[in-house]
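final23.cif, holding mmCIF, C-alpha atoms:
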data_start
#
loop_
_atom_site.group_PDB
_atom_site.id
_atom_site.type_symbol
_atom_site.label_atom_id
_atom_site.label_comp_id
_atom_site.auth_asym_id
_atom_site.auth_seq_id
_atom_site.Cartn_x
_atom_site.Cartn_y
_atom_site.Cartn_z
ATOM 1 C CA MET C 20 13.596 -44.529 35.921
ATOM 2 C CA TYR C 21 15.567 -43.057 33.032
ATOM 3 C CA ALA C 22 17.310 -44.031 29.801
ATOM 4 C CA SER C 23 19.424 -42.366 27.109
ATOM 5 C CA VAL C 24 19.321 -43.169 23.394
ATOM 6 C CA LYS C 25 21.451 -41.902 20.506
ATOM 7 C CA ALA C 26 19.989 -41.406 16.995
ATOM 8 C CA PRO C 27 21.795 -40.424 13.773
ATOM 9 C CA GLY C 28 20.977 -37.421 11.667
ATOM 10 C CA SER C 29 21.227 -37.326 7.893
ATOM 11 C CA CYS C 30 22.574 -35.374 4.978
ATOM 12 C CA GLY C 31 19.249 -35.029 3.239
ATOM 13 C CA GLU C 32 18.273 -38.155 1.315
ATOM 14 C CA LEU C 33 19.883 -40.323 -1.338
ATOM 15 C CA VAL C 34 16.590 -40.400 -3.257
ATOM 16 C CA GLN C 35 13.163 -38.890 -2.659
ATOM 17 C CA GLY C 36 10.003 -38.805 -4.709
ATOM 18 C CA VAL C 37 6.917 -40.776 -5.685
ATOM 19 C CA MET C 38 6.718 -44.240 -7.192
ATOM 20 C CA GLY C 39 3.692 -46.482 -7.635
ATOM 21 C CA GLY C 40 1.443 -43.859 -6.090
ATOM 22 C CA ARG C 41 3.431 -43.692 -2.858
ATOM 23 C CA ASN C 42 5.810 -41.161 -1.342
ATOM 24 C CA PHE C 43 9.211 -42.517 -0.405
ATOM 25 C CA LEU C 44 12.757 -41.574 0.429
ATOM 26 C CA VAL C 45 16.031 -43.436 0.768
ATOM 27 C CA THR C 46 17.841 -42.489 3.938
ATOM 28 C CA CYS C 47 21.328 -40.984 4.089
ATOM 29 C CA PRO C 48 22.386 -41.433 7.734
ATOM 30 C CA ILE C 49 25.556 -39.717 8.948
ATOM 31 C CA ASN C 50 27.752 -39.872 12.019
ATOM 32 C CA LYS C 51 26.269 -36.783 13.646
ATOM 33 C CA TYR C 52 23.801 -37.532 16.380
ATOM 34 C CA SER C 53 21.086 -36.488 18.766
ATOM 35 C CA VAL C 54 20.988 -37.981 22.277
ATOM 36 C CA ALA C 55 17.708 -38.057 24.180
ATOM 37 C CA THR C 56 17.564 -38.700 27.915
ATOM 38 C CA VAL C 57 14.140 -39.318 29.404
ATOM 39 C CA LYS C 58 13.460 -39.484 33.141
ATOM 40 C CA ILE C 59 10.118 -40.904 34.275
ATOM 41 C CA PHE C 60 8.261 -39.593 37.344
ATOM 42 C CA PRO C 61 5.402 -41.951 38.308
ATOM 43 C CA HIS C 62 3.859 -39.479 40.748
ATOM 44 C CA LYS C 63 3.708 -36.580 38.265
ATOM 45 C CA THR C 64 1.803 -35.991 35.021
ATOM 46 C CA GLU C 65 3.651 -33.103 33.367
ATOM 47 C CA ILE C 66 6.142 -33.634 30.560
ATOM 48 C CA VAL C 67 8.956 -31.099 30.860
ATOM 49 C CA GLY C 68 11.399 -30.171 28.104
ATOM 50 C CA THR C 69 12.718 -27.179 26.204
ATOM 51 C CA LYS C 70 10.239 -25.414 23.922
ATOM 52 C CA ALA C 71 12.620 -25.836 20.971
ATOM 53 C CA LYS C 72 12.366 -29.616 21.377
ATOM 54 C CA SER C 73 8.572 -29.848 21.603
ATOM 55 C CA LYS C 74 8.445 -32.694 19.057
ATOM 56 C CA ALA C 75 10.598 -34.851 21.327
ATOM 57 C CA CYS C 76 8.177 -34.100 24.163
ATOM 58 C CA GLN C 77 5.288 -35.131 21.921
ATOM 59 C CA ALA C 78 7.089 -38.412 21.215
ATOM 60 C CA VAL C 79 7.443 -39.032 24.947
ATOM 61 C CA GLN C 80 3.765 -38.284 25.479
ATOM 62 C CA ARG C 81 2.708 -40.617 22.654
ATOM 63 C CA THR C 82 4.980 -43.377 23.945
ATOM 64 C CA LEU C 83 3.569 -43.113 27.457
ATOM 65 C CA ALA C 84 0.064 -43.288 25.985
ATOM 66 C CA HIS C 85 1.109 -46.336 23.936
ATOM 67 C CA PHE C 86 1.873 -48.113 27.212
ATOM 68 C CA ASN C 87 -1.225 -46.697 28.934
ATOM 69 C CA CYS C 88 0.902 -44.697 31.381
ATOM 70 C CA SER C 89 -0.070 -41.322 32.817
ATOM 71 C CA TYR C 90 3.370 -40.624 34.263
ATOM 72 C CA GLY C 91 5.279 -37.377 34.091
ATOM 73 C CA ALA C 92 8.653 -37.090 32.392
ATOM 74 C CA GLU C 93 11.647 -34.827 31.877
ATOM 75 C CA VAL C 94 13.172 -34.749 28.387
ATOM 76 C CA GLN C 95 16.730 -33.629 27.676
ATOM 77 C CA ILE C 96 18.144 -33.424 24.158
ATOM 78 C CA GLU C 97 21.797 -32.991 23.225
ATOM 79 C CA SER C 98 22.190 -32.635 19.468
ATOM 80 C CA GLN C 99 24.917 -32.110 16.884
ATOM 81 C CA LEU C 100 22.287 -31.435 14.217
ATOM 82 C CA PRO C 101 21.199 -27.970 13.047
ATOM 83 C CA VAL C 102 17.455 -27.391 12.710
ATOM 84 C CA GLY C 103 15.563 -26.716 9.476
ATOM 85 C CA LYS C 104 18.366 -27.855 7.163
ATOM 86 C CA GLY C 105 17.124 -31.269 6.074
ATOM 87 C CA MET C 106 19.470 -33.149 8.405
ATOM 88 C CA ALA C 107 16.722 -35.122 10.179
ATOM 89 C CA SER C 108 17.160 -33.270 13.459
ATOM 90 C CA SER C 109 13.510 -33.698 14.452
ATOM 91 C CA THR C 110 13.417 -37.385 13.500
ATOM 92 C CA ALA C 111 16.581 -38.010 15.503
ATOM 93 C CA ASP C 112 15.187 -36.176 18.531
ATOM 94 C CA LEU C 113 11.790 -37.792 18.593
ATOM 95 C CA SER C 114 12.826 -41.352 17.687
ATOM 96 C CA ALA C 115 15.522 -41.313 20.358
ATOM 97 C CA ALA C 116 13.056 -39.845 22.868
ATOM 98 C CA ALA C 117 10.418 -42.484 22.078
ATOM 99 C CA LEU C 118 12.801 -45.411 22.591
ATOM 100 C CA ALA C 119 14.338 -43.804 25.703
ATOM 101 C CA THR C 120 10.861 -43.486 27.192
ATOM 102 C CA ALA C 121 10.092 -47.150 26.537
ATOM 103 C CA LEU C 122 13.406 -48.283 28.014
ATOM 104 C CA ALA C 123 12.928 -46.081 31.076
ATOM 105 C CA LEU C 124 9.599 -47.854 31.627
ATOM 106 C CA GLY C 125 11.252 -51.243 31.211
ATOM 107 C CA GLU C 126 9.310 -51.761 27.972
ATOM 108 C CA HIS C 127 10.099 -52.453 24.312
ATOM 109 C CA LEU C 128 9.243 -50.553 21.126
ATOM 110 C CA SER C 129 9.575 -52.108 17.684
ATOM 111 C CA LEU C 130 10.854 -50.134 14.722
ATOM 112 C CA GLU C 131 7.328 -50.151 13.319
ATOM 113 C CA GLU C 132 5.951 -48.653 16.524
ATOM 114 C CA ILE C 133 8.646 -45.972 16.515
ATOM 115 C CA ALA C 134 7.790 -45.163 12.895
ATOM 116 C CA ASP C 135 4.102 -44.853 13.798
ATOM 117 C CA ILE C 136 4.890 -42.524 16.701
ATOM 118 C CA ALA C 137 7.148 -40.364 14.521
ATOM 119 C CA LEU C 138 4.686 -40.129 11.634
ATOM 120 C CA GLY C 139 1.917 -39.215 14.054
ATOM 121 C CA ILE C 140 3.871 -36.039 14.816
ATOM 122 C CA GLU C 141 5.193 -34.990 11.387
ATOM 123 C CA PRO C 142 6.578 -36.342 8.089
ATOM 124 C CA SER C 143 9.711 -38.168 9.217
ATOM 125 C CA ASP C 144 12.963 -39.561 7.953
ATOM 126 C CA GLY C 145 13.646 -43.278 8.409
ATOM 127 C CA THR C 146 17.101 -42.976 9.955
ATOM 128 C CA PHE C 147 16.028 -44.978 13.007
ATOM 129 C CA TYR C 148 16.059 -48.060 10.756
ATOM 130 C CA PRO C 149 19.443 -49.837 10.590
ATOM 131 C CA GLY C 150 21.476 -49.585 7.406
ATOM 132 C CA ILE C 151 19.967 -47.641 4.516
ATOM 133 C CA ALA C 152 16.172 -47.673 4.431
ATOM 134 C CA LEU C 153 13.422 -47.132 1.882
ATOM 135 C CA PHE C 154 10.681 -45.327 3.799
ATOM 136 C CA ASP C 155 7.403 -43.549 3.109
ATOM 137 C CA HIS C 156 8.101 -40.389 5.082
ATOM 138 C CA VAL C 157 4.497 -39.150 4.919
ATOM 139 C CA GLN C 158 2.214 -42.132 5.587
ATOM 140 C CA GLY C 159 4.561 -45.011 6.334
ATOM 141 C CA THR C 160 3.169 -47.288 3.613
ATOM 142 C CA VAL C 161 6.693 -48.364 2.600
ATOM 143 C CA ARG C 162 9.212 -49.536 5.211
ATOM 144 C CA ARG C 163 12.119 -51.586 3.891
ATOM 145 C CA ILE C 164 15.782 -51.937 4.837
ATOM 146 C CA LEU C 165 17.966 -51.969 1.700
ATOM 147 C CA GLY C 166 21.260 -52.980 3.315
ATOM 148 C CA ASN C 167 24.431 -51.444 4.672
ATOM 149 C CA PRO C 168 26.162 -48.550 2.895
ATOM 150 C CA PRO C 169 29.682 -48.655 1.489
ATOM 151 C CA ALA C 170 32.252 -46.469 3.229
ATOM 152 C CA MET C 171 31.882 -42.898 1.955
ATOM 153 C CA LYS C 172 32.761 -39.420 3.126
ATOM 154 C CA ILE C 173 30.288 -36.547 2.751
ATOM 155 C CA LEU C 174 31.164 -32.876 2.677
ATOM 156 C CA ILE C 175 27.886 -31.228 3.681
ATOM 157 C CA VAL C 176 27.231 -27.790 2.200
ATOM 158 C CA ASP C 177 24.554 -25.665 3.868
ATOM 159 C CA LEU C 178 23.222 -23.099 1.410
ATOM 160 C CA GLY C 179 21.556 -21.100 4.188
ATOM 161 C CA GLY C 180 18.022 -20.512 5.417
ATOM 162 C CA GLU C 181 15.564 -23.019 6.867
ATOM 163 C CA VAL C 182 12.731 -25.199 5.566
ATOM 164 C CA ASP C 183 9.744 -26.238 7.686
ATOM 165 C CA THR C 184 9.102 -29.928 6.940
ATOM 166 C CA VAL C 185 5.397 -29.817 7.767
ATOM 167 C CA GLU C 186 4.695 -26.736 5.643
ATOM 168 C CA PHE C 187 6.834 -28.055 2.790
ATOM 169 C CA ASN C 188 4.772 -31.238 2.551
ATOM 170 C CA ARG C 189 1.537 -29.228 2.555
ATOM 171 C CA GLN C 190 2.436 -27.068 -0.428
ATOM 172 C CA GLU C 191 0.032 -26.950 -3.336
ATOM 173 C CA GLY C 192 1.065 -28.924 -6.400
ATOM 174 C CA LEU C 193 3.713 -31.022 -4.639
ATOM 175 C CA TRP C 194 2.160 -34.341 -5.641
ATOM 176 C CA ALA C 195 1.922 -33.364 -9.321
ATOM 177 C CA LYS C 196 5.547 -32.210 -9.365
ATOM 178 C CA ASN C 197 6.654 -35.481 -7.802
ATOM 179 C CA LEU C 198 4.681 -37.468 -10.365
ATOM 180 C CA SER C 199 6.334 -35.562 -13.211
ATOM 181 C CA LYS C 200 9.789 -36.810 -12.177
ATOM 182 C CA GLU C 201 8.814 -40.407 -11.417
ATOM 183 C CA LYS C 202 10.857 -41.842 -14.322
ATOM 184 C CA GLU C 203 14.080 -40.208 -13.087
ATOM 185 C CA ILE C 204 13.370 -41.237 -9.494
ATOM 186 C CA SER C 205 12.788 -44.848 -10.533
ATOM 187 C CA LYS C 206 16.193 -44.862 -12.264
ATOM 188 C CA ALA C 207 17.832 -43.240 -9.232
ATOM 189 C CA LEU C 208 16.385 -45.866 -6.889
ATOM 190 C CA GLU C 209 17.543 -48.690 -9.164
ATOM 191 C CA LEU C 210 21.109 -47.338 -9.084
ATOM 192 C CA ILE C 211 21.066 -46.895 -5.304
ATOM 193 C CA GLU C 212 19.796 -50.431 -4.728
ATOM 194 C CA ARG C 213 22.493 -51.830 -7.042
ATOM 195 C CA GLY C 214 25.097 -49.662 -5.336
ATOM 196 C CA ILE C 215 24.199 -51.052 -1.930
ATOM 197 C CA ALA C 216 24.077 -54.635 -3.195
ATOM 198 C CA LEU C 217 27.471 -54.288 -4.935
ATOM 199 C CA ASN C 218 29.031 -52.053 -2.232
ATOM 200 C CA SER C 219 29.612 -49.432 -4.953
ATOM 201 C CA PRO C 220 29.951 -45.753 -3.975
ATOM 202 C CA LYS C 221 30.036 -44.870 -7.693
ATOM 203 C CA LEU C 222 26.550 -46.264 -8.331
ATOM 204 C CA ILE C 223 25.203 -44.600 -5.204
ATOM 205 C CA GLY C 224 26.685 -41.304 -6.364
ATOM 206 C CA GLU C 225 25.055 -41.679 -9.782
ATOM 207 C CA GLY C 226 21.636 -42.435 -8.324
ATOM 208 C CA ALA C 227 21.773 -39.672 -5.752
ATOM 209 C CA SER C 228 22.848 -37.141 -8.404
ATOM 210 C CA ILE C 229 19.863 -38.018 -10.613
ATOM 211 C CA SER C 230 17.457 -37.513 -7.727
ATOM 212 C CA SER C 231 19.149 -34.236 -6.778
ATOM 213 C CA LEU C 232 18.752 -32.727 -10.238
ATOM 214 C CA ALA C 233 15.180 -34.009 -10.593
ATOM 215 C CA ASN C 234 14.260 -32.215 -7.378
ATOM 216 C CA GLN C 235 15.163 -28.820 -8.851
ATOM 217 C CA ILE C 236 11.549 -28.406 -10.022
ATOM 218 C CA ILE C 237 10.387 -28.718 -6.397
ATOM 219 C CA LEU C 238 13.064 -26.999 -4.306
ATOM 220 C CA TYR C 239 15.535 -25.170 -6.533
ATOM 221 C CA LYS C 240 19.142 -24.913 -5.378
ATOM 222 C CA PRO C 241 21.143 -22.327 -7.377
ATOM 223 C CA GLY C 242 24.296 -23.623 -9.042
ATOM 224 C CA LEU C 243 23.531 -27.289 -8.419
ATOM 225 C CA GLU C 244 24.173 -28.416 -11.991
ATOM 226 C CA ASP C 245 27.529 -26.628 -12.121
ATOM 227 C CA LEU C 246 28.424 -28.035 -8.710
ATOM 228 C CA LEU C 247 27.764 -31.603 -9.873
ATOM 229 C CA GLU C 248 29.947 -31.054 -12.953
ATOM 230 C CA THR C 249 32.790 -29.776 -10.742
ATOM 231 C CA VAL C 250 32.454 -32.693 -8.326
ATOM 232 C CA LEU C 251 32.651 -35.292 -11.082
ATOM 233 C CA LYS C 252 35.588 -33.565 -12.808
ATOM 234 C CA ASN C 253 37.562 -33.606 -9.568
ATOM 235 C CA GLY C 254 37.054 -37.229 -8.595
ATOM 236 C CA GLY C 255 33.918 -37.128 -6.464
ATOM 237 C CA TYR C 256 31.137 -39.687 -6.817
ATOM 238 C CA GLY C 257 28.333 -37.151 -7.158
ATOM 239 C CA ILE C 258 25.962 -35.142 -4.996
ATOM 240 C CA ASN C 259 22.849 -35.623 -2.944
ATOM 241 C CA VAL C 260 20.469 -33.062 -1.477
ATOM 242 C CA ALA C 261 17.987 -32.460 1.261
ATOM 243 C CA HIS C 262 14.917 -32.644 -0.956
ATOM 244 C CA SER C 263 12.997 -30.553 1.582
ATOM 245 C CA GLY C 264 15.955 -28.743 3.155
ATOM 246 C CA THR C 265 18.924 -26.491 2.538
ATOM 247 C CA VAL C 266 21.924 -28.854 2.439
ATOM 248 C CA VAL C 267 23.815 -30.473 -0.415
ATOM 249 C CA GLY C 268 26.144 -33.433 0.085
ATOM 250 C CA ILE C 269 29.395 -33.870 -1.859
ATOM 251 C CA LEU C 270 29.809 -37.665 -2.036
ATOM 252 C CA LEU C 271 33.455 -38.644 -1.742
ATOM 253 C CA ASP C 272 35.713 -41.642 -1.356
ATOM 254 C CA ALA C 273 36.237 -42.587 2.291
ATOM 255 C CA ALA C 274 39.985 -41.932 1.902
ATOM 256 C CA ASP C 275 39.570 -38.513 0.255
ATOM 257 C CA ASN C 276 41.232 -35.983 2.572
ATOM 258 C CA ARG C 277 41.098 -32.962 0.238
ATOM 259 C CA ILE C 278 38.547 -31.177 2.396
ATOM 260 C CA GLN C 279 40.049 -27.693 2.091
ATOM 261 C CA GLU C 280 40.380 -28.127 -1.679
ATOM 262 C CA TRP C 281 36.755 -29.246 -1.935
ATOM 263 C CA GLN C 282 35.598 -26.284 0.128
ATOM 264 C CA TYR C 283 37.472 -23.937 -2.200
ATOM 265 C CA LEU C 284 35.922 -25.579 -5.267
ATOM 266 C CA VAL C 285 32.429 -25.332 -3.795
ATOM 267 C CA ARG C 286 32.856 -21.646 -2.960
ATOM 268 C CA THR C 287 34.184 -21.020 -6.477
ATOM 269 C CA VAL C 288 31.088 -22.573 -8.044
ATOM 270 C CA LEU C 289 28.393 -21.246 -5.729
ATOM 271 C CA LYS C 290 29.884 -17.770 -5.246
ATOM 272 C CA SER C 291 27.889 -17.184 -2.066
ATOM 273 C CA GLY C 292 28.226 -17.699 1.651
ATOM 274 C CA VAL C 293 27.913 -21.348 2.626
ATOM 275 C CA THR C 294 28.571 -23.377 5.774
ATOM 276 C CA PHE C 295 30.369 -26.716 5.737
ATOM 277 C CA TYR C 296 30.034 -29.848 7.865
ATOM 278 C CA GLN C 297 32.099 -33.016 7.543
ATOM 279 C CA ALA C 298 30.526 -36.439 8.011
ATOM 280 C CA ASP C 299 30.657 -40.087 7.003
ATOM 281 C CA LEU C 300 27.832 -42.096 5.506
ATOM 282 C CA VAL C 301 26.865 -44.699 8.116
ATOM 283 C CA GLY C 302 24.108 -47.184 8.764
ATOM 284 C CA GLY C 303 21.103 -45.854 10.623
ATOM 285 C CA GLY C 304 19.704 -47.218 13.865
ATOM 286 C CA LEU C 305 19.200 -46.278 17.492
ATOM 287 C CA VAL C 306 21.755 -46.862 20.254
ATOM 288 C CA PRO C 307 20.511 -47.267 23.839
ATOM 289 C CA LEU C 308 23.474 -45.808 25.716
ATOM 290 C CA GLU C 309 22.774 -47.382 29.078
ATOM 291 C CA GLU C 310 21.623 -50.839 28.022
ATOM 292 C CA GLN C 311 23.740 -51.559 24.920
ATOM 293 C CA LYS C 312 26.675 -49.220 24.695
ATOM 294 C CA LYS C 313 28.227 -50.671 21.557
ATOM 295 C CA GLU C 314 25.409 -52.380 19.654
ATOM 296 C CA MET C 315 22.910 -50.798 17.304
ATOM 297 C CA TRP C 316 19.340 -51.414 18.354
ATOM 298 C CA CYS C 317 17.480 -53.105 15.510
ATOM 299 C CA GLY C 318 14.011 -53.539 17.027
#
Show me this structure written as structure tokens.
Amino acid sequence: MYASVKAPGSCGELVQGVMGGRNFLVTCPINKYSVATVKIFPHKTEIVGTKAKSKACQAVQRTLAHFNCSYGAEVQIESQLPVGKGMASSTADLSAAALATALALGEHLSLEEIADIALGIEPSDGTFYPGIALFDHVQGTVRRILGNPPAMKILIVDLGGEVDTVEFNRQEGLWAKNLSKEKEISKALELIERGIALNSPKLIGEGASISSLANQIILYKPGLEDLLETVLKNGGYGINVAHSGTVVGILLDAADNRIQEWQYLVRTVLKSGVTFYQADLVGGGLVPLEEQKKEMWCG
């Protein structure tokens, strides 16, 4: 009794903030993944996994409880996603583990049930939804699929360090700071929704850039304004950020192959040690590797 599921990570978010009294983010899924394999042992009760992936083990435990099972399980995670950077590593791990557990039991989990399991563990990204999603990452009050993204390349810039998602969302004054930038966030969301509807990378870049700059009052990233100016001058669409993480995304045309040039420009602007990752913007969703090797699982 086992199953394997693949889940995408993210390059931060396209938008994040507060609107109408609710937290929300707009997902930015990328083609870097976490794969969870869960083996079920009906005659055991212990859930075994690496200490570093305890959240995935919690997801397995919550999924077993959801189906009123007291079975044991072994959890294995293979991930391309660094931890503490704002690349949705935990969400990828635990959402993949939850669905793998259900499939190993011969059961089904809806996207809403996966969201509930994830949010019961920590504030979570919505990258397990297909396409680009609008998602309340704290309480789950907003859950809406916006559509599929246009083809775009993202040069991911890691500024260094780590951010704990749980502690970040507990910080004093966070709600007030989010409220103060609601007007900018509303404009950013409008541009992103139009960009998805019109298949326009330019509009998505504009919206994501607005949200990135607005977030400077919450999690300041040195040199961000100068970086955006450089990106736009050199033909990029804009930037996005991990609003509670350390990465910045350079949003580029899908055919832009000037990666070494872009890396040089970034280093020139930031004048500090950074790490780069290359990715494409993709639709989110979970892939059961054993049951549906080529189709996204849409719940």
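The two atoms in question, atom CA of C:Arg286 and atom CA of C:Gly28, are spaced 24.6 Å apart.
In this model, the gap between atom CA of C:Ile151 and atom CA of C:Val301 comes to 8.3 Å.
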message: If we count all atoms listed in the file and set the cut-off at 6 Å, which residues sit around C:Ala261, ignoring sequence neighbours fewer than 6 positions away in its own chain? Please answer as a ChimeraX atom specification.
response: /C:31-32,105
message: When you look at C:Gln77 with a cut-off of 12 Å (counting all atoms listed in the file), what residues show up, excluding the ones that are within fewer than 5 positions of it in the same chain? I need them as a ChimeraX atom specification.
response: /C:65-72,82-84,92-94,109-110,112-114,116-117,120,136-141
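Among the candidates C:Lys202, C:Lys25, C:Arg277, C:Arg213, the one nearest to C:Asn253 when counting only C-alpha atoms is C:Arg277.
Between atom CA of C:Thr184 and atom CA of C:Lys240 lies a distance of 16.7 Å.
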Stretch 220-224 of chain C environment, 9 Å, only C-alpha atoms, sequence neighbours closer than 6 positions dropped, as a PyMOL selection string: chain C and resi 33+168-171+207+210-214+255-259+270-272
Print the selection's residues with C-alpha atoms to a file, as a PDB file, keeping the file's coordinate frame.
ATOM      1  CA  LEU C  33      19.883 -40.323  -1.338  1.00  0.00           C
ATOM      2  CA  PRO C 168      26.162 -48.550   2.895  1.00  0.00           C
ATOM      3  CA  PRO C 169      29.682 -48.655   1.489  1.00  0.00           C
ATOM      4  CA  ALA C 170      32.252 -46.469   3.229  1.00  0.00           C
ATOM      5  CA  MET C 171      31.882 -42.898   1.955  1.00  0.00           C
ATOM      6  CA  ALA C 207      17.832 -43.240  -9.232  1.00  0.00           C
ATOM      7  CA  LEU C 210      21.109 -47.338  -9.084  1.00  0.00           C
ATOM      8  CA  ILE C 211      21.066 -46.895  -5.304  1.00  0.00           C
ATOM      9  CA  GLU C 212      19.796 -50.431  -4.728  1.00  0.00           C
ATOM     10  CA  ARG C 213      22.493 -51.830  -7.042  1.00  0.00           C
ATOM     11  CA  GLY C 214      25.097 -49.662  -5.336  1.00  0.00           C
ATOM     12  CA  GLY C 255      33.918 -37.128  -6.464  1.00  0.00           C
ATOM     13  CA  TYR C 256      31.137 -39.687  -6.817  1.00  0.00           C
ATOM     14  CA  GLY C 257      28.333 -37.151  -7.158  1.00  0.00           C
ATOM     15  CA  ILE C 258      25.962 -35.142  -4.996  1.00  0.00           C
ATOM     16  CA  ASN C 259      22.849 -35.623  -2.944  1.00  0.00           C
ATOM     17  CA  LEU C 270      29.809 -37.665  -2.036  1.00  0.00           C
ATOM     18  CA  LEU C 271      33.455 -38.644  -1.742  1.00  0.00           C
ATOM     19  CA  ASP C 272      35.713 -41.642  -1.356  1.00  0.00           C
TER      20      ASP C 272
END
- request: Considering all atoms listed in the file, return as a PyMOL selection string whatever protein or nucleic-acid residues lie within 6 Å of C:Gly36, sequence-local ones (same chain, fewer than 6 positions apart) excluded.
  value: chain C and resi 42-43+197
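Distance check against C:Ser129 using all atoms listed in the file: of C:Val285, C:Leu174, C:Leu305, C:Val157, the minimum falls on C:Leu305.
Remark: for C:Lys290, the closest of the candidate residues C:Ala274, C:Ala195, C:Ala216, C:Leu178 is C:Leu178 (distances computed over all atoms listed in the file).
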Centre and size of axis-aligned box enclosing stretch 116-132 of chain C plus 3 Å each side, as lines of an AutoDock Vina configuration file:
center_x = 10.1
center_y = -46.1
center_z = 22.5
size_x = 14.4
size_y = 18.6
size_z = 24.3
